[in-house]
>>> print(open('final26.cif').read())   # mmCIF, C-alpha atoms
data_run
#
loop_
_atom_site.label_atom_id
_atom_site.label_comp_id
_atom_site.auth_asym_id
_atom_site.auth_seq_id
_atom_site.Cartn_x
_atom_site.Cartn_y
_atom_site.Cartn_z
CA MET A 1 0.00 0.00 0.00
CA THR A 2 1.27 3.45 -0.88
CA VAL A 3 1.50 6.26 1.65
CA THR A 4 -1.30 8.12 -0.15
CA GLU A 5 -3.68 5.20 0.35
CA SER A 6 -2.78 4.67 4.00
CA ALA A 7 -5.61 4.55 6.52
CA PHE A 8 -4.27 7.69 8.20
CA LEU A 9 -4.28 9.86 5.07
CA ARG A 10 -7.61 8.43 3.92
CA ALA A 11 -9.11 9.43 7.28
CA CYS A 12 -7.60 12.92 6.96
CA ARG A 13 -9.43 13.20 3.64
CA ARG A 14 -12.65 11.81 5.21
CA GLU A 15 -12.58 8.76 2.94
CA SER A 16 -13.47 5.18 3.83
CA VAL A 17 -10.80 3.32 5.82
CA PRO A 18 -10.06 -0.36 6.51
CA HIS A 19 -9.83 0.48 10.23
CA THR A 20 -9.66 3.59 12.37
CA PRO A 21 -6.04 4.76 12.15
CA VAL A 22 -4.09 5.33 15.36
CA TRP A 23 -1.08 7.41 16.30
CA PHE A 24 -0.11 9.17 19.52
CA MET A 25 1.23 12.61 20.25
CA ARG A 26 4.62 12.17 21.99
CA GLN A 27 4.69 8.54 20.87
CA ALA A 28 8.42 9.00 20.23
CA GLY A 29 9.77 9.90 23.62
CA ARG A 30 10.21 9.28 27.29
CA SER A 31 7.72 6.42 27.65
CA LEU A 32 10.05 4.16 25.62
CA PRO A 33 13.10 2.62 27.33
CA GLU A 34 14.90 2.45 23.98
CA TYR A 35 14.42 6.20 23.63
CA ARG A 36 15.81 6.91 27.09
CA LYS A 37 18.83 4.73 26.39
CA LEU A 38 19.53 6.43 23.06
CA ARG A 39 19.22 9.91 24.58
CA GLU A 40 21.56 9.28 27.54
CA GLY A 41 23.92 12.25 27.90
CA ILE A 42 22.48 14.08 24.87
CA ALA A 43 20.62 17.37 25.34
CA MET A 44 17.13 17.60 23.87
CA LEU A 45 17.88 20.28 21.29
CA ASP A 46 21.10 18.55 20.27
CA SER A 47 19.18 15.34 19.62
CA CYS A 48 16.70 17.28 17.43
CA MET A 49 19.61 18.46 15.25
CA ARG A 50 21.12 15.03 14.60
CA PRO A 51 19.41 13.34 11.63
CA ASP A 52 20.57 9.89 12.73
CA LEU A 53 18.96 10.28 16.15
CA VAL A 54 15.84 11.94 14.76
CA THR A 55 15.40 9.03 12.36
CA GLU A 56 15.87 6.30 14.95
CA ILE A 57 13.68 7.97 17.58
CA THR A 58 10.89 8.61 15.07
CA LEU A 59 10.95 4.96 13.98
CA GLN A 60 10.94 3.45 17.47
CA PRO A 61 7.18 3.69 18.18
CA VAL A 62 6.32 2.57 14.65
CA ARG A 63 8.29 -0.63 15.21
CA ARG A 64 7.02 -1.20 18.73
CA HIS A 65 3.36 -0.18 18.55
CA GLY A 66 2.38 -0.65 14.90
CA VAL A 67 0.87 2.84 14.73
CA ASP A 68 -0.56 4.10 11.45
CA ALA A 69 1.65 7.20 11.24
CA ALA A 70 5.02 8.41 12.46
CA ILE A 71 5.58 11.93 13.73
CA LEU A 72 8.92 13.62 13.24
CA PHE A 73 10.94 13.79 16.45
CA SER A 74 11.56 17.46 17.08
CA ASP A 75 10.41 20.29 19.34
CA ILE A 76 8.30 23.38 18.73
CA VAL A 77 11.20 25.69 19.65
CA VAL A 78 13.59 24.19 17.06
CA PRO A 79 12.92 26.91 14.44
CA LEU A 80 13.44 29.63 17.07
CA LYS A 81 16.78 28.12 18.05
CA ALA A 82 17.67 27.80 14.36
CA ILE A 83 17.28 31.55 13.76
CA GLY A 84 19.46 32.39 16.74
CA VAL A 85 17.07 32.92 19.66
CA ASP A 86 19.02 32.27 22.87
CA LEU A 87 17.00 29.46 24.45
CA ASP A 88 17.42 26.01 25.90
CA ILE A 89 15.18 23.14 26.97
CA ARG A 90 15.83 22.47 30.64
CA PRO A 91 14.94 18.99 31.95
CA GLY A 92 11.88 19.13 34.13
CA VAL A 93 11.16 22.74 33.14
CA GLY A 94 10.84 23.06 29.36
CA PRO A 95 11.96 25.83 26.99
CA VAL A 96 13.65 28.75 28.73
CA VAL A 97 14.37 31.98 26.81
CA ALA A 98 17.37 34.12 27.86
CA ARG A 99 15.90 37.46 26.69
CA PRO A 100 12.09 37.47 26.78
CA ILE A 101 10.32 39.63 24.22
CA ARG A 102 8.67 42.52 26.03
CA SER A 103 9.33 45.49 23.69
CA ARG A 104 9.58 46.36 20.02
CA ALA A 105 13.38 46.29 20.20
CA ASP A 106 13.21 42.66 21.36
CA LEU A 107 11.61 41.68 18.04
CA ALA A 108 15.08 41.94 16.46
CA GLN A 109 15.66 38.39 17.73
CA LEU A 110 13.16 37.10 15.16
CA ARG A 111 14.60 37.04 11.66
CA PRO A 112 13.00 34.99 8.85
CA LEU A 113 13.83 31.28 8.76
CA GLU A 114 15.73 30.01 5.72
CA PRO A 115 15.81 26.34 4.63
CA ASP A 116 19.55 26.19 5.28
CA ASP A 117 18.89 27.02 8.93
CA VAL A 118 17.31 23.58 9.39
CA LYS A 119 19.21 21.39 6.94
CA TYR A 120 19.22 18.63 9.55
CA VAL A 121 15.42 18.49 9.34
CA THR A 122 15.51 18.09 5.56
CA GLU A 123 18.09 15.32 5.92
CA ALA A 124 16.13 13.52 8.65
CA VAL A 125 12.86 13.62 6.71
CA GLY A 126 14.64 12.23 3.64
CA MET A 127 16.08 9.37 5.68
CA LEU A 128 12.72 8.64 7.27
CA THR A 129 10.65 8.57 4.11
CA GLY A 130 13.11 6.00 2.79
CA GLU A 131 12.71 3.84 5.91
CA LEU A 132 8.98 4.15 6.54
CA GLY A 133 7.71 2.63 3.30
CA GLY A 134 3.92 2.95 3.29
CA THR A 135 3.69 4.57 6.75
CA PRO A 136 2.99 8.31 6.56
CA LEU A 137 5.27 10.80 8.30
CA ILE A 138 3.72 13.78 10.09
CA GLY A 139 5.68 17.01 10.34
CA PHE A 140 4.78 19.66 12.87
CA ALA A 141 5.37 23.11 14.27
CA GLY A 142 4.27 25.26 17.17
CA ALA A 143 1.52 27.77 16.45
CA PRO A 144 2.28 31.49 16.73
CA PHE A 145 0.39 32.02 20.00
CA THR A 146 2.15 29.20 21.83
CA LEU A 147 5.57 30.27 20.55
CA ALA A 148 4.78 33.86 21.52
CA SER A 149 3.83 32.76 25.02
CA TYR A 150 7.19 31.05 25.54
CA LEU A 151 9.03 34.05 24.13
CA VAL A 152 7.16 36.65 26.15
CA GLU A 153 7.03 34.73 29.42
CA GLY A 154 10.61 33.48 29.10
CA GLY A 155 9.46 29.90 29.65
CA PRO A 156 6.39 27.84 30.54
CA SER A 157 3.63 29.71 32.37
CA ARG A 158 0.44 28.78 34.21
CA ASN A 159 -1.34 32.08 33.79
CA HIS A 160 0.35 33.70 30.76
CA GLU A 161 0.25 37.04 32.56
CA HIS A 162 3.04 38.72 30.57
CA THR A 163 1.62 37.33 27.34
CA LYS A 164 -1.86 38.65 27.97
CA ALA A 165 -0.52 41.97 29.26
CA LEU A 166 1.25 42.46 25.93
CA MET A 167 -1.73 41.23 23.92
CA TYR A 168 -4.13 43.62 25.66
CA GLY A 169 -1.72 46.47 26.33
CA ASP A 170 0.09 46.82 23.01
CA PRO A 171 -2.03 45.19 20.30
CA GLU A 172 0.15 46.57 17.50
CA LEU A 173 3.33 45.03 18.91
CA TRP A 174 1.43 41.82 19.62
CA ALA A 175 0.19 41.63 16.02
CA GLU A 176 3.70 42.18 14.68
CA LEU A 177 5.12 39.51 16.99
CA LEU A 178 2.55 36.94 15.89
CA ASP A 179 2.95 37.88 12.24
CA ARG A 180 6.71 37.30 12.43
CA LEU A 181 6.17 33.98 14.17
CA ALA A 182 3.60 32.99 11.54
CA GLY A 183 6.20 33.56 8.84
CA ILE A 184 8.81 31.51 10.71
CA THR A 185 6.36 28.70 11.39
CA ALA A 186 5.09 28.59 7.81
CA ALA A 187 8.68 28.45 6.52
CA PHE A 188 9.51 25.60 8.93
CA LEU A 189 6.48 23.60 7.79
CA ALA A 190 7.32 24.29 4.14
CA VAL A 191 10.80 22.81 4.66
CA GLN A 192 9.25 19.63 6.07
CA ILE A 193 6.69 19.39 3.27
CA GLU A 194 9.34 19.93 0.60
CA ALA A 195 11.45 17.21 2.22
CA GLY A 196 8.57 14.73 2.00
CA VAL A 197 6.28 14.65 5.07
CA SER A 198 2.76 13.42 4.32
CA ALA A 199 0.84 15.67 6.73
CA ILE A 200 1.53 18.47 9.17
CA GLN A 201 0.21 19.31 12.63
CA LEU A 202 0.11 22.79 14.10
CA PHE A 203 0.33 22.62 17.90
CA ASP A 204 -1.29 25.50 19.77
CA SER A 205 -0.63 24.02 23.17
CA TRP A 206 -1.57 27.12 25.18
CA ALA A 207 -4.48 28.45 23.11
CA GLY A 208 -6.92 27.09 25.69
CA ALA A 209 -5.92 30.01 27.93
CA LEU A 210 -7.86 32.35 25.63
CA SER A 211 -11.51 33.27 25.29
CA PRO A 212 -13.09 32.78 21.86
CA ALA A 213 -13.28 36.55 21.35
CA ASP A 214 -9.59 37.02 22.16
CA TYR A 215 -8.61 34.07 19.99
CA ARG A 216 -10.58 35.39 17.02
CA ARG A 217 -9.20 38.91 17.35
CA ALA A 218 -5.60 38.35 18.40
CA VAL A 219 -4.59 34.84 17.30
CA LEU A 220 -6.75 33.54 14.46
CA PRO A 221 -5.18 35.80 11.79
CA ALA A 222 -1.68 34.45 12.50
CA SER A 223 -2.75 30.79 12.64
CA SER A 224 -4.71 31.29 9.42
CA LYS A 225 -1.60 32.75 7.80
CA VAL A 226 0.40 29.63 8.70
CA LEU A 227 -2.18 27.12 7.54
CA GLY A 228 -2.96 29.17 4.44
CA ALA A 229 0.71 29.28 3.47
CA VAL A 230 0.82 25.48 3.14
CA ALA A 231 -2.70 25.04 1.76
CA GLY A 232 -1.46 24.50 -1.78
CA SER A 233 0.89 21.68 -0.82
CA GLY A 234 -1.81 19.02 -0.88
CA VAL A 235 -0.83 17.62 2.54
CA PRO A 236 -3.51 17.44 5.24
CA ARG A 237 -3.29 20.10 7.96
CA ILE A 238 -4.09 19.10 11.55
CA HIS A 239 -4.68 21.79 14.19
CA PHE A 240 -4.55 20.87 17.86
CA GLY A 241 -4.71 22.64 21.18
CA VAL A 242 -5.31 21.73 24.83
CA GLY A 243 -8.33 23.02 26.71
CA THR A 244 -9.78 24.30 23.46
CA GLY A 245 -13.33 22.98 23.74
CA GLU A 246 -14.72 26.50 23.32
CA LEU A 247 -12.36 27.15 20.40
CA LEU A 248 -12.92 24.04 18.29
CA GLY A 249 -14.91 25.85 15.61
CA LEU A 250 -12.24 28.55 15.40
CA LEU A 251 -9.43 25.97 15.10
CA GLY A 252 -11.21 24.60 12.06
CA GLU A 253 -11.92 28.08 10.74
CA ALA A 254 -8.18 28.83 10.83
CA GLY A 255 -7.73 26.45 7.93
CA ALA A 256 -7.41 22.94 9.33
CA ASP A 257 -8.44 19.81 7.46
CA VAL A 258 -8.37 17.86 10.72
CA VAL A 259 -9.17 19.31 14.16
CA GLY A 260 -7.54 17.67 17.17
CA VAL A 261 -9.80 17.32 20.20
CA ASP A 262 -8.58 16.93 23.77
CA TRP A 263 -10.34 14.55 26.19
CA ARG A 264 -12.76 17.12 27.65
CA VAL A 265 -15.28 17.15 24.79
CA PRO A 266 -16.88 13.99 23.33
CA LEU A 267 -16.19 13.60 19.61
CA ASP A 268 -19.84 13.78 18.56
CA GLU A 269 -20.17 17.12 20.36
CA ALA A 270 -16.82 18.23 18.91
CA ALA A 271 -18.13 17.47 15.43
CA ARG A 272 -21.12 19.71 16.10
CA ARG A 273 -18.86 22.55 17.25
CA VAL A 274 -16.35 22.18 14.42
CA GLY A 275 -18.96 21.89 11.71
CA PRO A 276 -18.95 19.87 8.48
CA ASP A 277 -16.07 19.04 6.15
CA LYS A 278 -13.45 18.52 8.87
CA ALA A 279 -12.00 15.24 10.11
CA LEU A 280 -11.47 14.84 13.86
CA GLN A 281 -8.51 13.49 15.81
CA GLY A 282 -8.61 12.19 19.37
CA ASN A 283 -9.40 11.84 22.14
CA LEU A 284 -8.67 9.32 24.93
CA ASP A 285 -7.47 10.88 28.19
CA PRO A 286 -3.74 10.00 28.44
CA ALA A 287 -4.19 9.15 32.14
CA VAL A 288 -6.60 6.33 31.25
CA LEU A 289 -3.61 4.25 30.16
CA PHE A 290 -2.62 3.86 33.82
CA ALA A 291 -5.88 2.01 34.54
CA PRO A 292 -6.35 -1.78 34.24
CA ARG A 293 -6.65 -3.17 30.73
CA ALA A 294 -10.43 -3.68 30.93
CA ALA A 295 -10.92 -0.06 31.95
CA VAL A 296 -8.70 1.17 29.10
CA GLU A 297 -10.78 -0.85 26.64
CA GLU A 298 -14.04 0.48 28.12
CA GLN A 299 -12.92 4.10 27.79
CA THR A 300 -11.60 3.42 24.28
CA ARG A 301 -15.01 2.04 23.28
CA ARG A 302 -16.60 5.27 24.52
CA VAL A 303 -14.33 7.30 22.26
CA LEU A 304 -15.00 5.05 19.29
CA ASP A 305 -18.74 5.04 19.92
CA SER A 306 -18.81 8.86 20.09
CA ALA A 307 -17.04 8.93 16.71
CA ALA A 308 -19.35 6.35 15.12
CA GLY A 309 -20.76 7.64 11.87
CA LEU A 310 -18.31 10.54 11.64
CA PRO A 311 -16.38 10.50 8.37
CA GLY A 312 -12.69 10.92 9.08
CA HIS A 313 -11.77 9.87 12.62
CA ILE A 314 -8.12 9.43 13.64
CA PHE A 315 -7.74 7.82 17.05
CA ASN A 316 -5.27 9.60 19.32
CA LEU A 317 -4.92 10.68 22.90
CA GLY A 318 -6.37 13.98 24.03
CA HIS A 319 -2.80 15.18 24.62
CA GLY A 320 0.67 13.62 24.60
CA VAL A 321 1.74 10.26 25.99
CA LEU A 322 2.67 10.73 29.65
CA PRO A 323 6.30 9.87 30.46
CA ASP A 324 5.51 7.01 32.88
CA THR A 325 3.06 5.28 30.54
CA ASP A 326 3.63 1.54 30.12
CA PRO A 327 4.66 1.08 26.46
CA ASP A 328 2.82 -2.24 26.37
CA ALA A 329 -0.43 -0.41 27.16
CA LEU A 330 0.07 1.68 24.03
CA THR A 331 0.80 -1.39 21.91
CA ARG A 332 -2.34 -3.12 23.21
CA LEU A 333 -4.39 0.03 22.57
CA VAL A 334 -3.34 0.19 18.92
CA ALA A 335 -4.24 -3.47 18.41
CA TYR A 336 -7.58 -3.03 20.19
CA VAL A 337 -8.63 -0.04 18.06
CA HIS A 338 -7.59 -1.84 14.88
CA GLU A 339 -9.48 -5.01 15.80
CA ARG A 340 -12.63 -3.24 16.99
CA THR A 341 -12.91 -1.02 13.93
CA ALA A 342 -11.81 -3.46 11.20
CA ARG A 343 -14.18 -3.20 8.26
#
>>> encode(input="final26.cif", output="structure tokens")
Amino acid sequence: MTVTESAFLRACRRESVPHTPVWFMRQAGRSLPEYRKLREGIAMLDSCMRPDLVTEITLQPVRRHGVDAAILFSDIVVPLKAIGVDLDIRPGVGPVVARPIRSRADLAQLRPLEPDDVKYVTEAVGMLTGELGGTPLIGFAGAPFTLASYLVEGGPSRNHEHTKALMYGDPELWAELLDRLAGITAAFLAVQIEAGVSAIQLFDSWAGALSPADYRRAVLPASSKVLGAVAGSGVPRIHFGVGTGELLGLLGEAGADVVGVDWRVPLDEAARRVGPDKALQGNLDPAVLFAPRAAVEEQTRRVLDSAAGLPGHIFNLGHGVLPDTDPDALTRLVAYVHERTAR
């Protein structure tokens, strides 16, 4: 079977599928002992810049779990690091920015991204498409709002107080910041598409901190710019955020072909909010995987039942795989979804 006819890409296009396709956000990562062994002594960002490591880490969950798609091992701050932003990913903390953006002068840190800035990504994608055969490869990037939040706060934030203060207090500077980030993000996705990924996902991890009115006014234009920039590529565009139940229609409106749904909203209700002509991705609570096998299967049936009759459902978690998840639970989950939905 060719990549184009894979269950995953057919579901993205809302076509009939032989079974509901499955992949997991953060499937390549800390839950796998082989990943932890490979990463010993290697910093996160360094591992993202080594095509050999990116290739091996991306392939690990495909081999182990039999998922229907691979996702490129990377991080949302990679393009920022590539253009020279002084940042690092600190274990147990996340991305930390040396000089947060709080003024117009700080925008000088954000120059346009050129393909040569991320040659290692092009090389890794080329290696992976050769290894994956008929399994699609998903590329991804962070959405402008989430990147802006890291840059303005200087790191992860619970309340996004500096971010919102800038958004409300200096809307012109905010719009310029997001517009620059939209250009960088679109260029990063274009590199991945040119190199051969089969789909892309735009992660707006922190968008759930916003009201619908604020999202529409201050964020939607930038996300639309990103998704619009790659619209002509022919690859499906997935848009995902956490805590975005009130924003699901807007995530689709931004230009997604597939809207990712976290675990808080049942898929049938999500379909009503998103509207027609969009596939849905999700949405088992990642914490369910710590429950006994029978309970995991019961909750999985609930997700599948809520998606029954919806054209274009991709089974996923409602967020990323938690680090202490038993890898065997993921393998069993893939097999269970495949068996229960085989047509």
>>> atom_distance(input="final26.cif", atom1="atom CA of A:Arg343", atom2="atom CA of A:Pro136")
20.7 Å
>>> closest_residue(input="final26.cif", among="A:Val67, A:Cys48, A:Leu317, A:Leu210", to="A:Val261", atoms="all atoms listed in the file")
A:Leu317
>>> residues_around(input="final26.cif", residues="A:Asp214", least_positions_apart="3", cutoff="12 Å", atoms="all atoms listed in the file", output="ChimeraX atom specification")
/A:145,164,167-168,171,207-211,217-221,246-247,250
>>> axis_aligned_box(input="final26.cif", around="stretch 113-125 of chain A", padding_each_side="3 Å", output="AutoDock Vina command-line options")
--center_x 16.2 --center_y 22.4 --center_z 7.1 --size_x 12.7 --size_y 23.8 --size_z 10.9
>>> resolve_selection(input="final26.cif", expression="the PyMOL selection byres ((chain A and resi 166) around 12)", output="list of chain:residue names")
A:Pro100, A:Ile101, A:Arg102, A:Ser103, A:Arg104, A:Ala148, A:Ser149, A:Leu151, A:Val152, A:Glu153, A:His160, A:Glu161, A:His162, A:Thr163, A:Lys164, A:Ala165, A:Met167, A:Tyr168, A:Gly169, A:Asp170, A:Pro171, A:Glu172, A:Leu173, A:Trp174, A:Ala175, A:Glu176, A:Leu177, A:Leu178, A:Ala218
>>> residues_around(input="final26.cif", residues="A:Thr244", least_positions_apart="5", cutoff="12 Å", atoms="all atoms listed in the file", output="PDB file with C-alpha atoms, keeping the file's coordinate frame")
ATOM      1  CA  PHE A 203       0.330  22.620  17.900  1.00  0.00           C
ATOM      2  CA  ASP A 204      -1.290  25.500  19.770  1.00  0.00           C
ATOM      3  CA  SER A 205      -0.630  24.020  23.170  1.00  0.00           C
ATOM      4  CA  TRP A 206      -1.570  27.120  25.180  1.00  0.00           C
ATOM      5  CA  ALA A 207      -4.480  28.450  23.110  1.00  0.00           C
ATOM      6  CA  GLY A 208      -6.920  27.090  25.690  1.00  0.00           C
ATOM      7  CA  ALA A 209      -5.920  30.010  27.930  1.00  0.00           C
ATOM      8  CA  LEU A 210      -7.860  32.350  25.630  1.00  0.00           C
ATOM      9  CA  SER A 211     -11.510  33.270  25.290  1.00  0.00           C
ATOM     10  CA  PRO A 212     -13.090  32.780  21.860  1.00  0.00           C
ATOM     11  CA  TYR A 215      -8.610  34.070  19.990  1.00  0.00           C
ATOM     12  CA  HIS A 239      -4.680  21.790  14.190  1.00  0.00           C
ATOM     13  CA  GLY A 249     -14.910  25.850  15.610  1.00  0.00           C
ATOM     14  CA  LEU A 250     -12.240  28.550  15.400  1.00  0.00           C
ATOM     15  CA  LEU A 251      -9.430  25.970  15.100  1.00  0.00           C
ATOM     16  CA  GLY A 252     -11.210  24.600  12.060  1.00  0.00           C
ATOM     17  CA  VAL A 259      -9.170  19.310  14.160  1.00  0.00           C
ATOM     18  CA  GLY A 260      -7.540  17.670  17.170  1.00  0.00           C
ATOM     19  CA  VAL A 261      -9.800  17.320  20.200  1.00  0.00           C
ATOM     20  CA  ASP A 262      -8.580  16.930  23.770  1.00  0.00           C
ATOM     21  CA  TRP A 263     -10.340  14.550  26.190  1.00  0.00           C
ATOM     22  CA  ARG A 264     -12.760  17.120  27.650  1.00  0.00           C
ATOM     23  CA  VAL A 265     -15.280  17.150  24.790  1.00  0.00           C
ATOM     24  CA  ALA A 270     -16.820  18.230  18.910  1.00  0.00           C
ATOM     25  CA  ARG A 273     -18.860  22.550  17.250  1.00  0.00           C
ATOM     26  CA  VAL A 274     -16.350  22.180  14.420  1.00  0.00           C
ATOM     27  CA  GLY A 318      -6.370  13.980  24.030  1.00  0.00           C
ATOM     28  CA  HIS A 319      -2.800  15.180  24.620  1.00  0.00           C
TER      29      HIS A 319
END
>>> resolve_selection(input="final26.cif", expression="the PyMOL selection byres ((chain A and resi 31) around 6)", output="list in words")
Gly29, Arg30, Leu32, Pro323, Asp324 and Thr325 of chain A
>>> resolve_selection(input="final26.cif", expression="the PyMOL selection byres ((chain A and resi 283) around 12)", output="MDAnalysis selection string")
chainID A and resid 22:25 240:242 245 259:268 270 280:282 284:288 299:307 313:321
>>> atom_distance(input="final26.cif", atom1="atom CA of A:Leu310", atom2="atom CA of A:Arg237")
18.2 Å
>>> closest_residue(input="final26.cif", among="A:Ala69, A:Val258, A:Ile193, A:Ile184", to="A:Gly234", atoms="all atoms listed in the file")
A:Ile193
>>> residues_around(input="final26.cif", residues="A:Leu45", least_positions_apart="6", cutoff="8 Å", atoms="all atoms listed in the file", output="PyMOL selection string")
chain A and resi 75+78+88-89
>>> write_last_selection(input="final26.cif", atoms="C-alpha atoms", output="compact mmCIF listing (two decimals), keeping the file's coordinate frame")
# COMPACT_ATOMS: atom_id res chain seq x y z
CA ASP A 75 10.41 20.29 19.34
CA VAL A 78 13.59 24.19 17.06
CA ASP A 88 17.42 26.01 25.90
CA ILE A 89 15.18 23.14 26.97
>>> closest_residue(input="final26.cif", among="A:Val62, A:Val96, A:Ala256, A:Met1", to="A:Leu330", atoms="all atoms listed in the file")
A:Val62
>>> decode(input="final26.cif", residues="stretch 76-83 of chain A", atoms="all heavy atoms", output="compact mmCIF listing (two decimals), in the first residue's frame")
# COMPACT_ATOMS: atom_id res chain seq x y z
N ILE A 76 8.88 22.18 19.34
CA ILE A 76 8.30 23.38 18.73
C ILE A 76 9.25 24.56 18.74
O ILE A 76 9.07 25.51 17.98
CB ILE A 76 6.96 23.76 19.38
CG1 ILE A 76 7.12 24.12 20.85
CG2 ILE A 76 5.93 22.65 19.18
CD1 ILE A 76 5.87 24.73 21.46
N VAL A 77 10.29 24.54 19.61
CA VAL A 77 11.20 25.69 19.65
C VAL A 77 12.39 25.52 18.70
O VAL A 77 13.24 26.42 18.60
CB VAL A 77 11.72 25.97 21.08
CG1 VAL A 77 10.56 26.30 22.00
CG2 VAL A 77 12.55 24.83 21.62
N VAL A 78 12.46 24.41 17.97
CA VAL A 78 13.59 24.19 17.06
C VAL A 78 13.76 25.34 16.06
O VAL A 78 14.88 25.83 15.86
CB VAL A 78 13.46 22.83 16.35
CG1 VAL A 78 14.36 22.75 15.11
CG2 VAL A 78 13.84 21.71 17.33
N PRO A 79 12.70 25.81 15.39
CA PRO A 79 12.92 26.91 14.44
C PRO A 79 13.38 28.20 15.11
O PRO A 79 14.11 28.99 14.50
CB PRO A 79 11.55 27.09 13.76
CG PRO A 79 10.58 26.44 14.67
CD PRO A 79 11.31 25.32 15.35
N LEU A 80 12.97 28.44 16.35
CA LEU A 80 13.44 29.63 17.07
C LEU A 80 14.93 29.51 17.37
O LEU A 80 15.70 30.46 17.20
CB LEU A 80 12.65 29.82 18.37
CG LEU A 80 11.14 30.01 18.21
CD1 LEU A 80 10.48 30.19 19.58
CD2 LEU A 80 10.83 31.21 17.31
N LYS A 81 15.35 28.35 17.82
CA LYS A 81 16.78 28.12 18.05
C LYS A 81 17.56 28.27 16.75
O LYS A 81 18.66 28.84 16.72
CB LYS A 81 16.99 26.71 18.62
CG LYS A 81 18.43 26.38 18.99
CD LYS A 81 18.86 27.10 20.24
CE LYS A 81 20.21 26.60 20.73
NZ LYS A 81 20.64 27.32 21.97
N ALA A 82 16.98 27.79 15.66
CA ALA A 82 17.67 27.80 14.36
C ALA A 82 17.92 29.21 13.85
O ALA A 82 18.88 29.45 13.11
CB ALA A 82 16.86 27.01 13.33
N ILE A 83 17.07 30.17 14.22
CA ILE A 83 17.28 31.55 13.76
C ILE A 83 18.09 32.37 14.76
O ILE A 83 18.25 33.58 14.59
CB ILE A 83 15.95 32.27 13.44
CG1 ILE A 83 15.08 32.39 14.69
CG2 ILE A 83 15.21 31.54 12.30
CD1 ILE A 83 13.86 33.29 14.51
